[in-house]
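Colleague: Let me give you the structure first, and then I'll get to my questions.
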Amino acid sequence: MPVSDKMKGYSTRSSMIRKMFEEGSRMKAEFGKENVFDFSLGNPDVPPPPEFYTILRNMAADTTPGIHAYMPNAGYPQVREVIAARISEEQDISVEAGDTLMTCGAAGALNVVLKALLNPEEEVILLAPYFVEYNFYVDNHGGVSKVISTDEEFNLDLGAIEKAISAKTRAIMINSPNNPTGQIYSQESLAALGKILEQASARFGKAIVIIADEPYRKIVFDDQKVPSIFKAYNNSIVLSSYSKELSLPGERIGFIAVHPDMSDKGLLLDAMALAIRILGFVNAPALMQRVVTHLKGVSVDNSIYARRRETFCTLLREAGYSFMPPKGAFYIFPKSPIADDVQFCGLLQEEKILAVPGAGFGLPGYFRLAFCTDEKYIKAAAAGFARAMLKARTL
């Protein structure tokens, strides 16, 4: 068999999200799309802003010689200037273009960061529940995931984090607004985390890095604000993409920004620029780099997601589910009414409702619903959610 043992293991543990998505495709073919309520995949369906199409057409029409040529691995200098201005505003700290790199989406950015940071067997702390691919990314680059849970409201459990830090700890991943919970970590908790990491870094004689994955920064509700990681801790890296805020997941365009006062910043930036090349990305997509340069401050219509959130929260509450209303992103993470979240997702599937078990996010006992689908499907699923709850109560 010409498949590596590691990849065979990966395949058996592969993303529950993708499995549910594939099951959804099968069910839609069998029962009709309008009769299947697929809340499995965070694939944004809200259209990109109109400005995107105008800029895209203009950029695509440019026939300047060399416009599609190679560029510096870190991206076009003029694009990095725009990203630096954006990050300076979001993080409330002055960031230079040289502190940034353009990447193939946030997933590419995470792999670039981990490739540059990790020595074999060094540990990366993951906060459950977490995006399902984090484990694979850490393992890709020789690291070891150390999973700890957040608290009952999915906030940082600072005591548990402090206990988890060891001489092998190299980084901690922060995802806020969070996938799958929609939680936003407070500035106070991030500042406290920064102090814990400063003390641990001094104790072990090496910088422990915060890696902040922020693709949902601009999708927030009820006037919530996403705090600055850079204000909380110097040894931090922020990365993001335009997949969610512009509804462009297939275009694979993202970026990395390093705190301007980070330890050994120059060495890290050089290592990441090299990682972009040797991981096979070479550079971020040229056309999309030029496009996003002209879309500063532009994002999708957040009111669409806000209405869907309210519709979902109302029907779940009426059916008796327990959940925290999300502060951001486009997911709800209710508690499973039975201990076995996989079994309960099976009950939902009997109602032609597709959800992802919390076990896939490192936290059994919950399930994730993505509201990246038309509001009419959310409303039409209400009876099915109610019936699944009634079935669970009889078990």
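Going by the structure tokens order, chains are called A, B, ..., each with residues numbered from 1, while ligands are numbered from 1 in the order shown.
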Env of range 325-342 of chain A: 6 Å cut, atoms = only C-alpha atoms, seq-sep filter 5 positions within chain, self excluded. Answer as a list in words.
Modeller: Pro177, Pro180, Thr181, Gly182, Gln183, Tyr216, Ile219, Val220, Phe221, Pro357, Gly365, Tyr366, Phe367, Arg368, Leu369, Ala370 and Phe371 of chain A
Colleague: Pull the closest atom pair for each residue of range 264-335 of chain A that gets at most 9 Å from range 91-110 of chain A, along with the distance in Å to one decimal, counting only C-alpha atoms, ordering rows by chain and then ascending residue number, as CSV.
Modeller:
```
residue,atom,partner,partner_atom,distance
A:Lys265,CA,A:Asp99,CA,8.2
A:Gly266,CA,A:Asp99,CA,8.7
A:Leu269,CA,A:Asp99,CA,7.3
A:Met272,CA,A:Leu101,CA,8.2
A:Ala273,CA,A:Leu101,CA,7.4
A:Ile276,CA,A:Thr103,CA,7.5
A:Phe281,CA,A:Cys104,CA,6.9
A:Asn283,CA,A:Thr103,CA,6.7
A:Ala284,CA,A:Thr103,CA,4.7
A:Pro285,CA,A:Cys104,CA,7.0
A:Gln289,CA,A:Met102,CA,7.7
```
Colleague: Ranking A:Asp62, A:Glu245, A:Glu81, A:Asp264 by minimum distance to Leu287 in chain A and counting only C-alpha atoms, which one comes first?
Modeller: A:Asp62
Colleague: Please compute the CA of Thr311 in chain A-CA of Gly346 in chain A distance, one decimal, in Å.
Modeller: 23.0 Å
Colleague: Could you find all residues in range 34-275 of chain A that DSSP calls alpha helix (DSSP H) from the backbone, and write them as a PyMOL selection string?
Modeller: chain A and resi 50-60+77-91+105-117+134-140+158-164+187-204+229-232+265-275
Colleague: Which one is closest to Gly297 in chain A: A:Leu118, A:Arg57, A:Gly9, A:Ile87? Count only C-alpha atoms.
Modeller: A:Ile87
Colleague: Return the single residue from A:Phe230, A:Tyr76, A:Phe31, A:Phe37 that is closest to Ile378 in chain A, with distances computed using only C-alpha atoms.
Modeller: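 Checking each of A:Phe230, A:Tyr76, A:Phe31, A:Phe37 against Ile378 in chain A, counting only C-alpha atoms, the winner is A:Phe37.
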Colleague: Looking at A:Gly320, A:Gly250, A:Pro50, A:Gly66, which one is nearest to Arg393 in chain A, with distances taken over only C-alpha atoms?
Modeller: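 Nearest candidate to Arg393 in chain A out of A:Gly320, A:Gly250, A:Pro50, A:Gly66: A:Gly320.
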Colleague: Would you give me, as JSON, numbers by chain, the residues in range 7-252 of chain A that DSSP reads as strand (DSSP E or B)?
Modeller: {"A": [37, 38, 100, 101, 102, 103, 123, 124, 125, 126, 127, 128, 144, 145, 146, 147, 148, 149, 169, 170, 171, 172, 173, 174, 175, 209, 210, 211, 212, 213, 220, 236, 237, 238, 239, 240, 241]}
Colleague: Pick the closest to His294 in chain A from A:Asn155, A:Leu114, A:Phe323, A:Met59: which is it, counting only C-alpha atoms?
Modeller: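 Counting only C-alpha atoms, the residue closest to His294 in chain A is A:Met59.
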Colleague: Determine, counting only C-alpha atoms, which protein, DNA and RNA residues have an atom within 10 Å of an atom of Cys372 in chain A; residues of the same chain fewer than 5 positions away are not included. Present the result as a list in words.
Modeller: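 After dropping sequence-adjacent residues, the list is Asp38, Phe39, Ser40, Leu41, Gly42, Asn43, Pro44, Asp45, Val46, Ile304, Tyr305, Arg308, Phe330, Tyr331 and Ile378 of chain A.
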Colleague: Using only C-alpha atoms, which residue out of A:Ser186, A:Ser149, A:Ser322, A:Thr293 lies closest to Ser228 in chain A?
Modeller: A:Ser186
Colleague: At what distance in Å, to one decimal, does CA of Met20 in chain A lie from CA of Ala355 in chain A?
Modeller: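 Distance between the two atoms: 7.3 Å.
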Colleague: Using only C-alpha atoms, which protein or nucleic acid residues come within 8 Å of Ala191 in chain A? Drop anything in the same chain fewer than 3 positions from it, and give the result as a list in words.
Modeller: Gln187, Glu188, Gly194, Lys195, Lys231, Ala232 and Tyr233 of chain A
